[in-house]
Each structure stands twice: as structure tokens, then as C-alpha cells.
$ cat upload26.cif   # mmCIF, C-alpha atoms
data_work
loop_
_atom_site.label_atom_id
_atom_site.label_comp_id
_atom_site.auth_asym_id
_atom_site.auth_seq_id
_atom_site.Cartn_x
_atom_site.Cartn_y
_atom_site.Cartn_z
CA MET A 1007 82.81 144.54 90.78
CA ARG A 1008 80.10 144.04 93.37
CA SER A 1009 81.08 144.64 96.98
CA VAL A 1010 82.50 141.71 98.88
CA THR A 1011 80.76 140.56 102.04
CA GLY A 1012 81.14 137.46 104.22
CA ARG A 1013 84.33 135.39 104.08
CA LEU A 1014 86.09 135.65 100.73
CA MET A 1015 88.46 132.83 99.69
CA LEU A 1016 91.02 133.62 97.00
CA LEU A 1017 92.79 130.71 95.32
CA ASP A 1018 96.27 131.07 93.85
CA THR A 1019 95.08 128.57 91.28
CA ALA A 1020 98.34 127.72 89.52
CA SER A 1021 100.08 127.19 92.86
CA LEU A 1022 97.35 124.72 93.83
CA TYR A 1023 97.15 122.79 90.56
CA PHE A 1024 100.95 122.43 90.51
CA ARG A 1025 100.73 120.93 94.01
CA ALA A 1026 97.87 118.69 92.90
CA TYR A 1027 99.87 117.56 89.87
CA PHE A 1028 102.88 116.54 91.96
CA GLY A 1029 100.78 115.21 94.86
CA VAL A 1030 98.35 112.98 92.95
CA PRO A 1031 99.75 110.03 90.93
CA ASP A 1032 99.63 110.42 87.15
CA SER A 1033 97.95 107.03 87.08
CA VAL A 1034 94.75 109.04 87.67
CA ARG A 1035 93.58 109.25 84.06
CA ALA A 1036 90.64 110.00 81.81
CA PRO A 1037 88.93 107.14 79.95
CA ASP A 1038 91.21 107.75 76.95
CA GLY A 1039 94.33 107.46 79.13
CA THR A 1040 95.07 111.19 79.43
CA PRO A 1041 96.40 112.12 82.90
CA VAL A 1042 93.90 114.20 84.90
CA ASN A 1043 95.71 114.12 88.25
CA ALA A 1044 95.95 117.94 88.44
CA VAL A 1045 92.27 118.38 87.52
CA ARG A 1046 90.96 115.89 90.04
CA GLY A 1047 93.47 116.93 92.67
CA LEU A 1048 92.41 120.57 92.39
CA LEU A 1049 88.72 119.62 92.68
CA ASP A 1050 89.55 117.64 95.81
CA PHE A 1051 91.48 120.64 97.17
CA ILE A 1052 88.55 123.01 96.59
CA ASP A 1053 86.13 120.53 98.15
CA ARG A 1054 88.28 120.27 101.28
CA LEU A 1055 88.81 124.04 101.49
CA VAL A 1056 85.09 124.81 101.23
CA ARG A 1057 84.18 122.12 103.78
CA ASP A 1058 86.82 123.15 106.29
CA HIS A 1059 86.69 126.94 105.98
CA ARG A 1060 83.15 127.70 104.74
CA PRO A 1061 83.75 130.76 102.59
CA THR A 1062 80.67 132.54 101.26
CA ARG A 1063 82.62 133.79 98.25
CA LEU A 1064 85.34 132.14 96.19
CA VAL A 1065 87.56 133.30 93.33
CA ALA A 1066 90.02 131.17 91.38
CA CYS A 1067 92.72 133.74 90.55
CA MET A 1068 94.74 133.04 87.40
CA ASP A 1069 98.06 134.06 85.86
CA ALA A 1070 97.04 135.87 82.68
CA ASP A 1071 100.73 136.81 82.52
CA TRP A 1072 103.01 134.86 84.84
CA ARG A 1073 106.03 137.11 84.03
CA PRO A 1074 104.72 140.63 83.34
CA LYS A 1075 106.87 142.78 81.07
CA TRP A 1076 106.76 145.70 83.52
CA ARG A 1077 108.39 143.56 86.20
CA VAL A 1078 111.01 142.16 83.79
CA GLU A 1079 111.93 145.67 82.62
CA LEU A 1080 112.79 146.53 86.22
CA ILE A 1081 114.61 143.26 87.08
CA PRO A 1082 115.51 141.30 83.89
CA THR A 1083 116.30 138.13 85.89
CA TYR A 1084 112.73 137.98 87.21
CA LYS A 1085 111.60 134.35 86.69
CA ALA A 1086 114.00 134.16 83.71
CA HIS A 1087 115.10 130.61 84.54
CA ARG A 1088 111.49 129.41 84.14
CA VAL A 1089 111.04 130.67 80.57
CA ALA A 1090 110.49 127.81 78.11
CA GLU A 1091 109.98 130.04 75.07
CA GLU A 1092 110.19 133.81 74.59
CA HIS A 1093 107.34 135.51 72.75
CA THR A 1094 107.24 139.01 71.25
CA GLY A 1095 104.02 140.86 71.98
CA ALA A 1096 102.64 138.06 74.16
CA PRO A 1097 103.50 136.49 77.53
CA ASP A 1098 106.54 134.20 77.48
CA ALA A 1099 105.79 130.49 77.74
CA GLU A 1100 106.53 129.04 81.18
CA GLU A 1101 108.20 125.68 81.69
CA VAL A 1102 105.34 123.35 82.61
CA PRO A 1103 105.48 119.53 82.73
CA ASP A 1104 104.27 118.00 79.45
CA THR A 1105 101.37 116.19 81.08
CA LEU A 1106 100.27 119.21 83.14
CA ALA A 1107 99.92 121.79 80.35
CA PRO A 1108 96.95 120.03 78.64
CA GLN A 1109 95.12 119.82 81.96
CA VAL A 1110 95.00 123.59 82.50
CA PRO A 1111 92.27 124.27 79.88
CA VAL A 1112 90.26 121.40 81.38
CA ILE A 1113 90.56 122.97 84.84
CA GLU A 1114 89.37 126.30 83.44
CA SER A 1115 86.40 124.71 81.67
CA VAL A 1116 85.33 122.79 84.77
CA LEU A 1117 85.55 125.88 87.01
CA ASP A 1118 83.49 127.87 84.50
CA ALA A 1119 80.83 125.16 84.21
CA LEU A 1120 80.63 124.94 88.00
CA GLY A 1121 80.14 128.70 88.22
CA ILE A 1122 83.22 129.33 90.35
CA ALA A 1123 84.47 132.83 89.55
CA ARG A 1124 87.74 132.68 87.61
CA VAL A 1125 89.70 135.88 87.15
CA GLY A 1126 92.90 136.64 85.28
CA VAL A 1127 93.83 140.09 83.98
CA ALA A 1128 96.16 140.75 81.03
CA GLY A 1129 99.55 142.03 82.13
CA TYR A 1130 99.22 140.78 85.71
CA GLU A 1131 99.98 137.70 87.79
CA ALA A 1132 97.46 135.90 89.98
CA ASP A 1133 99.23 137.49 92.98
CA ASP A 1134 98.20 140.93 91.71
CA VAL A 1135 94.59 139.82 91.20
CA ILE A 1136 94.62 138.46 94.76
CA GLY A 1137 96.16 141.69 96.04
CA THR A 1138 93.43 143.79 94.42
CA PHE A 1139 90.54 141.61 95.60
CA THR A 1140 92.07 141.78 99.09
CA ALA A 1141 92.42 145.56 98.96
CA ARG A 1142 88.74 145.91 97.98
CA ALA A 1143 87.35 143.36 100.41
CA THR A 1144 84.99 144.58 103.11
CA GLY A 1145 85.07 141.35 105.13
CA PRO A 1146 87.59 138.67 106.13
CA VAL A 1147 89.78 137.10 103.45
CA ASP A 1148 91.46 133.68 103.22
CA ILE A 1149 94.23 133.48 100.61
CA VAL A 1150 95.13 129.91 99.67
CA THR A 1151 98.62 129.67 98.20
CA GLY A 1152 101.89 127.79 98.33
CA ASP A 1153 103.71 131.05 97.52
CA ARG A 1154 105.16 132.85 100.54
CA ASP A 1155 105.21 136.16 98.62
CA LEU A 1156 101.55 136.59 99.53
CA TYR A 1157 102.41 136.73 103.23
CA GLN A 1158 102.77 140.47 102.59
CA LEU A 1159 98.96 140.70 102.49
CA VAL A 1160 98.43 139.24 105.98
CA ASP A 1161 96.62 141.80 108.12
CA ASP A 1162 95.04 140.85 111.44
CA GLY A 1163 93.15 144.13 111.64
CA ARG A 1164 91.29 143.39 108.39
CA GLY A 1165 90.98 139.63 108.95
CA VAL A 1166 93.31 138.75 106.07
CA ARG A 1167 95.23 135.51 106.50
CA VAL A 1168 97.10 133.08 104.26
CA LEU A 1169 96.26 129.36 104.28
CA TYR A 1170 99.58 127.79 103.29
CA PRO A 1171 99.47 124.09 102.37
CA LEU A 1172 102.03 122.01 104.25
CA LYS A 1173 100.72 118.67 102.97
CA GLY A 1174 97.99 118.67 100.36
CA VAL A 1175 95.33 121.00 101.69
CA GLY A 1176 94.43 118.75 104.59
CA THR A 1177 97.28 120.27 106.59
CA LEU A 1178 97.34 124.04 106.28
CA GLN A 1179 99.42 126.60 108.11
CA VAL A 1180 96.93 129.32 109.03
CA THR A 1181 99.26 132.29 108.68
CA ASP A 1182 98.42 135.40 110.67
CA GLU A 1183 100.69 138.12 112.01
CA ALA A 1184 101.63 136.08 115.08
CA VAL A 1185 102.93 133.27 112.84
CA LEU A 1186 104.89 135.76 110.70
CA ARG A 1187 106.48 137.41 113.72
CA GLU A 1188 107.44 134.03 115.16
CA LYS A 1189 108.90 132.66 111.91
CA TYR A 1190 110.30 135.79 110.27
CA GLY A 1191 110.31 138.57 112.85
CA VAL A 1192 108.04 140.81 110.74
CA ASP A 1193 104.34 141.43 110.24
CA GLY A 1194 102.52 141.26 106.90
CA ARG A 1195 103.46 144.79 105.94
CA GLY A 1196 107.14 144.08 106.59
CA TYR A 1197 107.28 140.80 104.69
CA ALA A 1198 107.78 142.33 101.22
CA ASP A 1199 110.81 144.30 102.45
CA LEU A 1200 112.19 141.16 104.08
CA ALA A 1201 111.70 139.22 100.85
CA LEU A 1202 113.40 141.75 98.59
CA LEU A 1203 116.38 142.13 100.95
CA ARG A 1204 116.75 138.35 101.31
CA GLY A 1205 116.12 137.63 97.64
CA ASP A 1206 114.42 134.61 96.14
CA PRO A 1207 116.26 132.36 93.65
CA SER A 1208 112.97 130.69 92.64
CA ASP A 1209 111.77 134.07 91.32
CA GLY A 1210 115.14 135.27 90.03
CA LEU A 1211 115.40 137.98 92.69
CA PRO A 1212 119.05 138.49 93.66
CA GLY A 1213 118.49 140.20 97.00
CA VAL A 1214 121.33 142.02 98.74
CA ALA A 1215 124.57 140.04 98.86
CA GLY A 1216 125.37 138.96 102.40
CA ILE A 1217 121.94 139.94 103.77
CA GLY A 1218 120.07 136.77 104.63
CA GLU A 1219 116.67 136.35 106.23
CA LYS A 1220 117.81 136.83 109.83
CA THR A 1221 119.91 139.88 109.08
CA ALA A 1222 117.09 141.39 107.04
CA ALA A 1223 114.68 140.86 109.94
CA LYS A 1224 117.13 142.51 112.37
CA LEU A 1225 117.59 145.51 110.08
CA LEU A 1226 113.82 145.91 109.73
CA ALA A 1227 113.37 145.64 113.51
CA GLU A 1228 116.01 148.32 113.99
CA PHE A 1229 115.03 150.76 111.22
CA GLY A 1230 111.35 150.00 110.53
CA ASP A 1231 111.23 149.49 106.80
CA LEU A 1232 113.34 149.63 103.64
CA ALA A 1233 113.21 153.44 103.53
CA GLY A 1234 114.43 153.54 107.12
CA ILE A 1235 117.27 151.15 106.34
CA MET A 1236 118.40 153.22 103.34
CA ALA A 1237 118.22 156.41 105.44
CA ALA A 1238 120.50 154.66 107.95
CA VAL A 1239 122.97 153.89 105.14
CA ASP A 1240 123.30 157.66 104.61
CA ASP A 1241 123.62 158.35 108.33
CA PRO A 1242 127.18 157.78 109.58
CA GLU A 1243 125.85 157.55 113.15
CA ALA A 1244 123.42 154.71 112.36
CA LYS A 1245 124.15 151.29 113.82
CA LEU A 1246 125.21 149.42 110.69
CA THR A 1247 128.31 147.30 110.35
CA PRO A 1248 130.77 148.47 107.69
CA SER A 1249 129.97 145.43 105.54
CA GLN A 1250 126.21 146.01 105.81
CA ARG A 1251 126.64 149.66 104.83
CA ARG A 1252 128.83 148.71 101.87
CA ARG A 1253 126.53 145.93 100.64
CA LEU A 1254 123.41 148.05 100.92
CA THR A 1255 125.15 150.91 99.13
CA GLU A 1256 126.23 148.60 96.30
CA ALA A 1257 122.67 147.26 96.05
CA ARG A 1258 121.06 150.70 95.63
CA PRO A 1259 120.11 150.21 91.95
CA TYR A 1260 118.39 146.90 92.79
CA LEU A 1261 116.70 148.29 95.92
CA ALA A 1262 115.35 151.26 93.94
CA VAL A 1263 113.24 148.97 91.70
CA ALA A 1264 112.74 145.81 93.78
CA PRO A 1265 109.76 147.11 95.81
CA LYS A 1266 107.63 147.55 92.69
CA VAL A 1267 108.54 144.03 91.53
CA VAL A 1268 108.05 142.27 94.87
CA ARG A 1269 104.97 144.05 96.16
CA VAL A 1270 101.74 142.77 94.67
CA ALA A 1271 99.59 145.26 92.82
CA GLY A 1272 96.45 146.49 94.54
CA ASP A 1273 94.95 148.37 91.62
CA VAL A 1274 94.37 145.74 88.92
CA PRO A 1275 91.34 146.54 86.70
CA LEU A 1276 89.17 143.64 87.80
CA PRO A 1277 86.22 142.55 85.66
CA GLN A 1278 82.67 142.44 86.95
CA VAL A 1279 82.27 138.97 88.46
CA ASP A 1280 79.88 137.21 90.79
CA THR A 1281 82.10 135.92 93.57
CA ALA A 1282 79.30 134.10 95.42
CA LEU A 1283 80.02 130.43 96.05
CA PRO A 1284 77.69 128.53 93.66
CA GLY A 1285 75.15 126.16 95.17
CA THR A 1286 74.39 124.54 91.82
CA PRO A 1287 76.42 124.35 88.59
CA ARG A 1288 76.16 127.27 86.19
CA ASP A 1289 76.04 124.92 83.19
CA PRO A 1290 75.02 121.38 84.23
CA ALA A 1291 75.00 119.98 80.67
CA VAL A 1292 78.53 121.19 79.92
CA LEU A 1293 79.72 119.95 83.32
CA GLU A 1294 78.20 116.52 82.69
CA GLY A 1295 80.02 116.32 79.35
CA LEU A 1296 83.33 117.33 80.95
CA ALA A 1297 82.86 114.78 83.74
CA ALA A 1298 82.30 111.97 81.20
CA ARG A 1299 85.07 113.09 78.82
CA TRP A 1300 87.71 113.44 81.53
CA GLY A 1301 86.55 110.85 84.05
CA LEU A 1302 86.19 113.32 86.93
CA GLY A 1303 84.17 110.83 88.96
CA GLY A 1304 84.15 111.08 92.72
CA SER A 1305 86.25 114.26 92.84
CA LEU A 1306 83.56 116.27 91.05
CA GLN A 1307 80.65 114.56 92.83
CA ARG A 1308 82.12 115.31 96.25
CA LEU A 1309 82.61 118.96 95.36
CA LEU A 1310 79.07 119.25 94.00
CA ALA A 1311 77.70 117.75 97.21
CA THR A 1312 79.72 120.20 99.31
CA LEU A 1313 78.60 123.19 97.24
CA SER A 1314 74.95 122.19 97.51
CA ALA A 1315 75.09 121.58 101.28
#
$ encode --input "upload26.cif" --output "C-alpha cells"
Amino acid sequence: MRSVTGRLMLLDTASLYFRAYFGVPDSVRAPDGTPVNAVRGLLDFIDRLVRDHRPTRLVACMDADWRPKWRVELIPTYKAHRVAEEHTGAPDAEEVPDTLAPQVPVIESVLDALGIARVGVAGYEADDVIGTFTARATGPVDIVTGDRDLYQLVDDGRGVRVLYPLKGVGTLQVTDEAVLREKYGVDGRGYADLALLRGDPSDGLPGVAGIGEKTAAKLLAEFGDLAGIMAAVDDPEAKLTPSQRRRLTEARPYLAVAPKVVRVAGDVPLPQVDTALPGTPRDPAVLEGLAARWGLGGSLQRLLATLSA
């Protein structure tokens, strides 16, 4: 992969097209009546992001495997409630609204025709792709996601921040370490430990019974990190309540594997890609055909104008 310079923007693509799907009416349709609300909504999102934040490089990061086997082997409940169909030897099928699933290949085709880098790696989630691009970046990084898990990558010293959509992408929470400390009492490095202690029902992570967000933050403030907390459990002089000591002791098997599940990978084998923001479409003829077939109209034209500016 070529070295990254300038401001790199990394899109958690599925997070954004899910938001587009639920935020744009399904009355937005192609000429044949097929809903294209997620497609057009995502193009509008990218247009707004590029106009407002002016990245020089952009990557649409994809879930090649939204529920990697290596994570499930460690915590079997990981995202289990979102499985629509189990597959042997291939990623399980995720529950996706009936009218969203057919739009995903269209999104991929449009991004490819535009020349926007699109990266998914077998056996890894988009979060892991984002984590690896971030680890390799030599300049500032904006991560655009509706998933708080990626707060763990926030790093003021390296210029890494998360742009978290509050309403569409017109209203973004620019998340730096000051925001994390104010909201959660931790910095980026501490967020993964906070998340695994607290748990996350939406990801099937049980957390430690009786340890909520505020208690987790207090424990991390007192003992530094998860290793420090577990060392305190073994130290009879450490300032833990009897119930905290008991609950953390009972959760040892979970806490032994949870860090690998919760922390994003930083060593994904990324393909060689050109991350430069395209000024002109890579394949204008294909893009023109997609625009006509799916009725992409003003959403695509606005993005093209922004990219060429």
C-alpha cells in the first residue's frame, strides 16, 4: 500500500448506508420502482463529508466478514442475534432489510466506477480495515462511523478523530480525546477496556455483571487499564468493593478473551490501493449506465461536482 499523506478519511461504509437507508424515504426509487434510498443517501453523505472536511484521500471500508469466525470462537454470542442464516465455510448472512440488501451491490459498483477506493479483507470487519489504515497513516485521519467501538482509535497526538453522525452527516460530533474524557472519563486508548467491561448488547458482548459505564470509568481511572484492574482483584489491599472483586473474579474467563474481540485489528493484510480522492470518474461510461439504470440523478451529479472542484 502506498504511504498515506494529507488528510485521510475512512468510511465505515455499512454504518453509513444503514443510516442512509433509514434516514432517506424508500419513496426514492429507480425508474423501475426499485428503492435506491440507501444508494442516493450514501452519495449525499460522501458529498457532504468531502465538502465539509476536504480530505485528500478517501477509503470506503467494507465488511468482508461482519462476524469473523476468530471472534465468534472467543465469544460465541458475538453478534449472534443478528445472524439471519448460518453458513459453513463462508461468512454467516446478516439480517438486513429486504429492500436494503439489493442496494449494496449497486453502492459497490458506483463507488468503483467513481474511483473511490473500496477495501474489504476476507476474515475481517470494516473496523479492522479502518484500524489498520489508521495504524499505517502518516498524517491526520478522520474516521466516519456511527459505531462507538471505533472511539478506541481516537488519538490527539496523531490527529486521529472520529466523526460521529448525530443527524445525517450534516450534524457530526467531532470526537477527540477531550470529548471522550468528558462523556466517558477515558481517552481513546482506554475506550476499548471501558467497552468490554460495560458490555454491548448490540454486539452480543455480555460485559461484567454489575459493572456499568460509570463504574468501569472509575475503575480505569483508579487502576489505569484492564490489566491494572485484574491485578487489583488479586491484591487484597486494593480499593475494590467486595461485590466488584467478586464480579470481576467471576468474569475472568470472559475478560481473558474480550480484549481480542473488542479491540480492532491493526495488522490486516491490506491490498495495494490508490487512496487519492478522485477528481474525475475512473470509468465514466459505466458510471453513466449506473446513473441511468438506478436513477441516481442529483445525488451523483452533486458528488461529481464536489470531486472535480
$ closest_residue --input "upload26.cif" --among "A:Leu1016, A:Leu1246, A:Leu1159, A:Val1030" --to "A:Val1056" --atoms "all atoms listed in the file"
A:Leu1016
$ residues_around --input "upload26.cif" --residues "A:Lys1085" --least-positions-apart "4" --cutoff "10 Å" --atoms "all atoms listed in the file" --output "PyMOL selection string"
chain A and resi 1072-1074+1077-1078+1081+1089+1100+1206-1211
$ atom_distance --input "upload26.cif" --atom1 "atom CA of A:Asp1193" --atom2 "atom CA of A:Asp1161"
8.0 Å
$ resolve_selection --input "upload26.cif" --expression "the PyMOL selection byres ((chain A and resi 1152) around 12)" --output "JSON, numbers by chain"
{"A": [1017, 1018, 1019, 1020, 1021, 1022, 1023, 1024, 1025, 1026, 1133, 1149, 1150, 1151, 1153, 1154, 1155, 1156, 1157, 1168, 1169, 1170, 1171, 1172, 1173, 1174, 1175, 1178, 1179, 1180, 1181]}
$ atom_distance --input "upload26.cif" --atom1 "atom CA of A:Ala1143" --atom2 "atom CA of A:Tyr1130"
19.1 Å
$ atom_distance --input "upload26.cif" --atom1 "atom CA of A:Ala1271" --atom2 "atom CA of A:Gly1095"
21.8 Å
$ closest_atom_pairs --input "upload26.cif" --of "stretch 1133-1195 of chain A" --to "stretch 1227-1237 of chain A" --cutoff "10 Å" --atoms "only C-alpha atoms" --output "Markdown table"
| residue | atom | partner | partner_atom | distance |
| --- | --- | --- | --- | --- |
| A:Gly1191 | CA | A:Ala1227 | CA | 7.7 |
| A:Val1192 | CA | A:Ala1227 | CA | 7.7 |
| A:Arg1195 | CA | A:Asp1231 | CA | 9.1 |
$ resolve_selection --input "upload26.cif" --expression "the PyMOL selection byres ((chain A and resi 1107) around 12)" --output "ChimeraX atom specification"
/A:1020,1023-1024,1027,1040-1045,1099-1106,1108-1114
$ write_last_selection --input "upload26.cif" --atoms "C-alpha atoms" --output "compact mmCIF listing (two decimals), in the coordinates of the input"
# COMPACT_ATOMS: atom_id res chain seq x y z
CA ALA A 1020 98.34 127.72 89.52
CA TYR A 1023 97.15 122.79 90.56
CA PHE A 1024 100.95 122.43 90.51
CA TYR A 1027 99.87 117.56 89.87
CA THR A 1040 95.07 111.19 79.43
CA PRO A 1041 96.40 112.12 82.90
CA VAL A 1042 93.90 114.20 84.90
CA ASN A 1043 95.71 114.12 88.25
CA ALA A 1044 95.95 117.94 88.44
CA VAL A 1045 92.27 118.38 87.52
CA ALA A 1099 105.79 130.49 77.74
CA GLU A 1100 106.53 129.04 81.18
CA GLU A 1101 108.20 125.68 81.69
CA VAL A 1102 105.34 123.35 82.61
CA PRO A 1103 105.48 119.53 82.73
CA ASP A 1104 104.27 118.00 79.45
CA THR A 1105 101.37 116.19 81.08
CA LEU A 1106 100.27 119.21 83.14
CA PRO A 1108 96.95 120.03 78.64
CA GLN A 1109 95.12 119.82 81.96
CA VAL A 1110 95.00 123.59 82.50
CA PRO A 1111 92.27 124.27 79.88
CA VAL A 1112 90.26 121.40 81.38
CA ILE A 1113 90.56 122.97 84.84
CA GLU A 1114 89.37 126.30 83.44
$ resolve_selection --input "upload26.cif" --expression "the PyMOL selection byres ((chain A and resi 1013) around 6)" --output "ChimeraX atom specification"
/A:1012,1014,1061-1062,1146-1147
$ residues_near_point --input "upload26.cif" --point "(86.0, 118.5, 95.3)" --cutoff "9 Å" --atoms "only C-alpha atoms" --output "short mmCIF file (atom, residue, chain, number, x, y, z; two decimals) with C-alpha atoms, keeping the file's coordinate frame"
data_model
loop_
_atom_site.label_atom_id
_atom_site.label_comp_id
_atom_site.auth_asym_id
_atom_site.auth_seq_id
_atom_site.Cartn_x
_atom_site.Cartn_y
_atom_site.Cartn_z
CA ARG A 1046 90.96 115.89 90.04
CA GLY A 1047 93.47 116.93 92.67
CA LEU A 1048 92.41 120.57 92.39
CA LEU A 1049 88.72 119.62 92.68
CA ASP A 1050 89.55 117.64 95.81
CA PHE A 1051 91.48 120.64 97.17
CA ILE A 1052 88.55 123.01 96.59
CA ASP A 1053 86.13 120.53 98.15
CA ARG A 1054 88.28 120.27 101.28
CA LEU A 1055 88.81 124.04 101.49
CA VAL A 1056 85.09 124.81 101.23
CA GLY A 1304 84.15 111.08 92.72
CA SER A 1305 86.25 114.26 92.84
CA LEU A 1306 83.56 116.27 91.05
CA GLN A 1307 80.65 114.56 92.83
CA ARG A 1308 82.12 115.31 96.25
CA LEU A 1309 82.61 118.96 95.36
CA LEU A 1310 79.07 119.25 94.00
CA ALA A 1311 77.70 117.75 97.21
CA THR A 1312 79.72 120.20 99.31
CA LEU A 1313 78.60 123.19 97.24
#
$ residues_around --input "upload26.cif" --residues "A:Thr1221" --least-positions-apart "6" --cutoff "10 Å" --atoms "all atoms listed in the file" --output "VMD selection string"
chain A and resid 1200 1203 to 1204 1227 1250
$ residues_around --input "upload26.cif" --residues "A:Ala1257" --least-positions-apart "3" --cutoff "9 Å" --atoms "all atoms listed in the file" --output "JSON, numbers by chain"
{"A": [1213, 1214, 1215, 1252, 1253, 1254, 1260, 1261, 1262]}
$ write_last_selection --input "upload26.cif" --atoms "C-alpha atoms" --output "CSV table (one decimal), in the frame of the given file"
chain,number,residue,atom,x,y,z
A,1213,GLY,CA,118.5,140.2,97.0
A,1214,VAL,CA,121.3,142.0,98.7
A,1215,ALA,CA,124.6,140.0,98.9
A,1252,ARG,CA,128.8,148.7,101.9
A,1253,ARG,CA,126.5,145.9,100.6
A,1254,LEU,CA,123.4,148.0,100.9
A,1260,TYR,CA,118.4,146.9,92.8
A,1261,LEU,CA,116.7,148.3,95.9
A,1262,ALA,CA,115.4,151.3,93.9
$ closest_residue --input "upload26.cif" --among "A:Asp1032, A:Asp1058, A:Asp1118, A:Asp1134" --to "A:Pro1290" --atoms "all atoms listed in the file"
A:Asp1118
$ closest_residue --input "upload26.cif" --among "A:Asp1098, A:Glu1091, A:Glu1294, A:Asp1280" --to "A:Ala1123" --atoms "all atoms listed in the file"
A:Asp1280
$ closest_residue --input "upload26.cif" --among "A:Val1185, A:Val1274, A:Leu1283, A:Met1015" --to "A:Gly1121" --atoms "only C-alpha atoms"
A:Leu1283
$ residues_around --input "upload26.cif" --residues "A:Val1125" --least-positions-apart "2" --cutoff "7 Å" --atoms "only C-alpha atoms" --output "VMD selection string"
chain A and resid 1066 to 1068 1123 1127
$ build_atoms --input "upload26.cif" --residues "stretch 1204-1216 of chain A" --atoms "N, CA, C and O atoms" --output "short mmCIF file (atom, residue, chain, number, x, y, z; two decimals), in the frame of the given file"
data_model
loop_
_atom_site.label_atom_id
_atom_site.label_comp_id
_atom_site.auth_asym_id
_atom_site.auth_seq_id
_atom_site.Cartn_x
_atom_site.Cartn_y
_atom_site.Cartn_z
N ARG A 1204 116.26 139.73 101.27
CA ARG A 1204 116.75 138.35 101.31
C ARG A 1204 116.96 137.79 99.92
O ARG A 1204 117.88 137.01 99.66
N GLY A 1205 116.08 138.19 98.98
CA GLY A 1205 116.12 137.63 97.64
C GLY A 1205 115.38 136.31 97.58
O GLY A 1205 115.01 135.72 98.60
N ASP A 1206 115.15 135.85 96.36
CA ASP A 1206 114.42 134.61 96.14
C ASP A 1206 114.87 133.99 94.83
O ASP A 1206 114.41 134.40 93.76
N PRO A 1207 115.77 132.99 94.88
CA PRO A 1207 116.26 132.36 93.65
C PRO A 1207 115.14 131.78 92.79
O PRO A 1207 115.23 131.78 91.57
N SER A 1208 114.05 131.31 93.42
CA SER A 1208 112.97 130.69 92.64
C SER A 1208 112.25 131.72 91.77
O SER A 1208 111.61 131.36 90.79
N ASP A 1209 112.37 133.01 92.13
CA ASP A 1209 111.77 134.07 91.32
C ASP A 1209 112.82 134.89 90.58
O ASP A 1209 112.48 135.90 89.94
N GLY A 1210 114.09 134.51 90.70
CA GLY A 1210 115.14 135.27 90.03
C GLY A 1210 115.42 136.61 90.66
O GLY A 1210 115.88 137.54 90.00
N LEU A 1211 115.14 136.74 91.97
CA LEU A 1211 115.40 137.98 92.69
C LEU A 1211 116.73 137.86 93.44
O LEU A 1211 116.86 137.02 94.32
N PRO A 1212 117.71 138.69 93.09
CA PRO A 1212 119.05 138.49 93.66
C PRO A 1212 119.16 138.83 95.14
O PRO A 1212 119.99 138.27 95.85
N GLY A 1213 118.34 139.76 95.62
CA GLY A 1213 118.49 140.20 97.00
C GLY A 1213 119.75 141.01 97.17
O GLY A 1213 120.41 141.39 96.20
N VAL A 1214 120.11 141.28 98.43
CA VAL A 1214 121.33 142.02 98.74
C VAL A 1214 122.38 141.01 99.19
O VAL A 1214 122.15 140.25 100.14
N ALA A 1215 123.50 141.00 98.52
CA ALA A 1215 124.57 140.04 98.86
C ALA A 1215 124.92 140.15 100.34
O ALA A 1215 125.10 141.25 100.87
N GLY A 1216 124.98 138.99 101.01
CA GLY A 1216 125.37 138.96 102.40
C GLY A 1216 124.27 139.30 103.39
O GLY A 1216 124.48 139.26 104.60
#
